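First the structure, in the form of structure tokens, and then the observations on it.
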Amino acid sequence: MYVASVVSDNFKFHGSTCPAKPESVEPIEIGGEPGALIAWNCGILINVAATVHGGIGYHFGFRDPAVHAATDPTDRAVFSTLLSSVTFGS
């Protein structure tokens, strides 16, 4: 449900440059919680990782203006490394 809200809000605030539907939504883990990696081609690479922890929604953004696609293996590796450092306090 939170992922759908992130997708909807992205279009609401960035609909002039980003499509309503992302190119992909992939399940991932963020800080030990289930989440999703959302990839948009908005003329540049826009990736968002979203999860919920303790009833609070979190999203982490990654953009690369040099890449004109929704995904890029190098950017994915960098973003995955950043996401692997996420921890939620108890």
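In the structure tokens, each chain is lettered A, B, ... as it comes, each chain's residues begin at 1, and ligands are numbered from 1 in order of appearance.
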Next on the checklist: I want to know what sits within 10 Å of Tyr58 in chain A, based on only C-alpha atoms, with residues of the same chain fewer than 2 positions away left out; could you give that as a VMD selection string?
Outcome noted: chain A and resid 2 to 3 6 30 35 49 to 53 55 to 56 60
Let's have the selection written as a PDB file, in the first residue's frame, with N, CA, C and O atoms.
ATOM      1  N   TYR A   2       1.955   1.253   0.797  1.00  0.00           N
ATOM      2  CA  TYR A   2       2.830   2.417   0.843  1.00  0.00           C
ATOM      3  C   TYR A   2       3.497   2.640  -0.512  1.00  0.00           C
ATOM      4  O   TYR A   2       3.637   3.774  -0.956  1.00  0.00           O
ATOM      5  N   VAL A   3       3.899   1.570  -1.169  1.00  0.00           N
ATOM      6  CA  VAL A   3       4.550   1.695  -2.475  1.00  0.00           C
ATOM      7  C   VAL A   3       3.598   2.367  -3.461  1.00  0.00           C
ATOM      8  O   VAL A   3       3.995   3.255  -4.221  1.00  0.00           O
ATOM      9  N   VAL A   6       3.676   6.006  -2.860  1.00  0.00           N
ATOM     10  CA  VAL A   6       4.899   6.635  -3.374  1.00  0.00           C
ATOM     11  C   VAL A   6       4.787   6.843  -4.886  1.00  0.00           C
ATOM     12  O   VAL A   6       5.123   7.903  -5.408  1.00  0.00           O
ATOM     13  N   ILE A  30      15.010  -3.598   2.944  1.00  0.00           N
ATOM     14  CA  ILE A  30      15.650  -2.365   3.401  1.00  0.00           C
ATOM     15  C   ILE A  30      15.667  -2.389   4.923  1.00  0.00           C
ATOM     16  O   ILE A  30      14.604  -2.426   5.548  1.00  0.00           O
ATOM     17  N   GLY A  35      10.497  -4.274   1.206  1.00  0.00           N
ATOM     18  CA  GLY A  35      10.308  -2.995   0.537  1.00  0.00           C
ATOM     19  C   GLY A  35      10.249  -3.184  -0.965  1.00  0.00           C
ATOM     20  O   GLY A  35      10.094  -4.306  -1.458  1.00  0.00           O
ATOM     21  N   ALA A  49      13.586   3.669  -3.286  1.00  0.00           N
ATOM     22  CA  ALA A  49      13.376   2.476  -2.481  1.00  0.00           C
ATOM     23  C   ALA A  49      12.410   2.858  -1.370  1.00  0.00           C
ATOM     24  O   ALA A  49      12.583   3.893  -0.721  1.00  0.00           O
ATOM     25  N   ALA A  50      11.383   2.043  -1.174  1.00  0.00           N
ATOM     26  CA  ALA A  50      10.340   2.366  -0.195  1.00  0.00           C
ATOM     27  C   ALA A  50      10.096   1.195   0.728  1.00  0.00           C
ATOM     28  O   ALA A  50      10.112   0.035   0.294  1.00  0.00           O
ATOM     29  N   THR A  51       9.870   1.486   2.002  1.00  0.00           N
ATOM     30  CA  THR A  51       9.546   0.466   2.990  1.00  0.00           C
ATOM     31  C   THR A  51       8.764   1.101   4.129  1.00  0.00           C
ATOM     32  O   THR A  51       8.662   2.326   4.218  1.00  0.00           O
ATOM     33  N   VAL A  52       8.230   0.250   4.993  1.00  0.00           N
ATOM     34  CA  VAL A  52       7.544   0.714   6.199  1.00  0.00           C
ATOM     35  C   VAL A  52       8.202   0.015   7.388  1.00  0.00           C
ATOM     36  O   VAL A  52       8.437  -1.195   7.364  1.00  0.00           O
ATOM     37  N   HIS A  53       8.514   0.798   8.403  1.00  0.00           N
ATOM     38  CA  HIS A  53       9.081   0.246   9.641  1.00  0.00           C
ATOM     39  C   HIS A  53       8.368   0.909  10.813  1.00  0.00           C
ATOM     40  O   HIS A  53       8.298   2.137  10.891  1.00  0.00           O
ATOM     41  N   GLY A  55       5.328   1.256  11.416  1.00  0.00           N
ATOM     42  CA  GLY A  55       4.176   2.052  11.021  1.00  0.00           C
ATOM     43  C   GLY A  55       4.532   3.368  10.329  1.00  0.00           C
ATOM     44  O   GLY A  55       3.649   4.155  10.017  1.00  0.00           O
ATOM     45  N   ILE A  56       5.814   3.596  10.086  1.00  0.00           N
ATOM     46  CA  ILE A  56       6.265   4.825   9.420  1.00  0.00           C
ATOM     47  C   ILE A  56       6.835   4.462   8.059  1.00  0.00           C
ATOM     48  O   ILE A  56       7.662   3.547   7.946  1.00  0.00           O
ATOM     49  N   PHE A  60      13.758   6.314  -0.041  1.00  0.00           N
ATOM     50  CA  PHE A  60      15.124   6.748  -0.297  1.00  0.00           C
ATOM     51  C   PHE A  60      15.251   6.969  -1.792  1.00  0.00           C
ATOM     52  O   PHE A  60      14.867   6.111  -2.577  1.00  0.00           O
TER      53      PHE A  60
END
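One distance worth recording is that between CA of Trp40 in chain A and CA of Gly57 in chain A, which is 19.6 Å.
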Closest of A:Gly32, A:Ile44, A:Asn10, A:Pro19 to Thr71 in chain A, counting only C-alpha atoms, is A:Ile44
Backbone-only DSSP, strand (DSSP E) members of chain A, as a ChimeraX atom specification
/A:24-30,33-41,45-53,56-64
In terms of only C-alpha atoms, the residue from A:Pro65, A:Pro22, A:Gly89, A:Gly15 at minimal distance from Leu37 in chain A is A:Pro22
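Interatomic distance, CA of Phe79 in chain A to CA of Phe62 in chain A: 6.8 Å.
From CA of Asn47 in chain A back to CA of Gly61 in chain A, the distance works out to 5.9 Å.
Using only C-alpha atoms, the shortest contact distance between Lys21 in chain A and any of A:Val7, A:Ala66, A:Leu83, A:Val48 is found at A:Val7.
The residue that comes closest to Val25 in chain A, out of A:Val67, A:Ala77, A:Cys42, A:Ala4 and on the basis of only C-alpha atoms, is A:Ala4.
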| task | Please run DSSP on the backbone and report, as a ChimeraX atom specification, all residues within chain A that come out as alpha helix (DSSP H). | result | /A:2-14,73-84
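Proximity ranking of A:Phe88, A:Asp9, A:Asp64, A:Ser80 relative to Asn41 in chain A places A:Asp64 first, based on only C-alpha atoms.
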